[in-house]
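Heads up: the structure comes next, in structure tokens.
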Amino acid sequence: MRKRWMIYGANGYTGRLAARLAKDLDPILAGRQAEPVLALAGELGYESRIFDLADPAKVAANLEGVAAVLHCAGPFSATSGPMLAGCLRAGTHYLDITGEIAVFEAIHSRNQEIRDADIVVIPGVGFDVVPTDCLAAMLKRELPSATHLKLAFKSRYGKLSPGTAKTMVEGLPEGGRIRKDGRIVKVPAAYKVETIPFTEDLSATAVSIPWGDVATAYFSTGIPNIEVLVGVPDKQIEKMKMPAFMRWLLGLAPVQAFMKAQIARRVKGPTDEQRARDEMYIYGEAWDDSGHKVAMRLRTREGYTLTAESGVKATQKVMDGRLAPGAYTPSMAFGADYVLDLEGTKLSRVNL
């Protein structure tokens with residue numbers, strides 16, 4: 001009998017992409033909004049379940065008979081804890097598509113509890129953070145003595161989904177994060193700006209951001225100093241360098257609610273045509289205290305497309321049952337070369 005699995009948040013932008021991609025794998029579609037979930041399930045011929053995440057016992061009951069859940073309903077700062085609580089009760093493997101540092105840290109801190117529950121937990125099985133995590137592991141494999149890691153990424157066009165935009169709004173008051181000497185430390189927003197050679201023909205300005213690899217790349221590689229940058233237009237960098245009082249203002253609950261409401265009304269995410277034309281460029285560089293240095297590049301399909309493919313693929317791999325219980329990063333679970341199994345991914349070395 002085929003093991004049952006679930007896509008939770010199937011009414012969201014990425015959840016819908018994953019559901020359509022999984023047409024031959026018979027997932028259960030789930031979420032808290034009945035109308036869109038039921039409509040999509042009816043269109044695709046899938047089973048559906050409607051429930052929210054307020055009560056872990058209720059979540060566990062709705063996970064009955066479900067071997068694994070691909071959790072796509074963000075912001076994960078609010079939803080990952082309740083869903084994981086339900087999975088621990090139900091004995092259901094948990095995967096999500098978060099890119100939030102605090103979520104990675106919280107999940108990996110519960111590794112023993114996860115093992116005791118006899119489940120596998122892998123946060124970040126989408127663009128956040130599969131390509132960057134795998135590239136970090138490749139660089140560490142190439143230079144085992146590495147003490148510093150720099151990762152950067154840029155999209156060709158870069159249109160956001162509503163969920164990603166809301167997560168970014170949540171992070172505005174927090175400033176930046178890097179890992180220094182093994183510890184995550186707070187830094188000013190956009191504190192570092194560099195020109196990154198994303199391809200042989202394209203160098204672009206990039207700015208430091210609190211990306212998930214500040215947490216995950218450390219778990220995957222043990223490299224104690226990690227920074228992540230994103231390629232953005234210069235005018236956007238200036239907007240990111242807001243004074244402290246502005247960050248405080250943006251953190252107020254009414255302001256957050258207003259901005260998220262605006263996103264819900266105005267942000268629709270890229271169309272199928274836009275996703276087909278877009279692609280992602282990822283650059284990674286590692287070095288040690290003796291001056292040895294290695295660098296590599298990845299080129300992948302558009303971020304949401306990759307997230308849907310990787311999320312479905314990773315969930316199926318977990319259900320194969322080859323992983324021991326515990327919390328993993330993508331590269332820890334599937335190896336540094338996992339990203340190369342995703343359609344359209346190309347790796348190249350950089351001569352320094």
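The chains in the structure tokens are called A, B, ... from first to last as shown; in each chain the residues are counted from 1, and the ligands are counted from 1 in the order shown.
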| said: Quick check for you: according to DSSP on this backbone, which residues of range 64-221 of chain A are classed as strand (DSSP E or B)? Reply as a VMD selection string. | reply: chain A and resid 66 to 71 93 to 96 120 to 122 126 129 148 to 155 176 to 180 183 to 187 193 to 197 203 to 208
| field | Exercise: range 152-158 of chain A partners within 10 Å, only C-alpha atoms, chain neighbours under 2 positions left out, as a ChimeraX atom specification | value | /A:131-132,150,160-161,194,196-198,204-209,211,227-232,269-270,274-275,277-285,297-303
| query | Between A:Met296, A:Ala261, A:Ala324, A:Leu352, which has the minimum distance to Ile119 in chain A (counting only C-alpha atoms)? | reply |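 For Ile119 in chain A, the nearest of the candidates is A:Ala324.
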| task | Counting only C-alpha atoms, figure out which residue out of A:Ser109, A:Thr271, A:Thr199, A:Thr329 gets nearest to Tyr304 in chain A. | result | A:Thr271
| Between A:Leu149, A:Leu88, A:Val339, A:Ile107, which one has atoms that come closest to Ala136 in chain A, using only C-alpha atoms? |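 Of the candidates, the smallest distance to Ala136 in chain A is held by A:Leu149.
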| Leaving out Arg183 in chain A and any residue of its chain fewer than 5 positions from it, which residues lie within 9 Å of it when counting only C-alpha atoms, given as an MDAnalysis selection string? | chainID A and resid 178 224:225
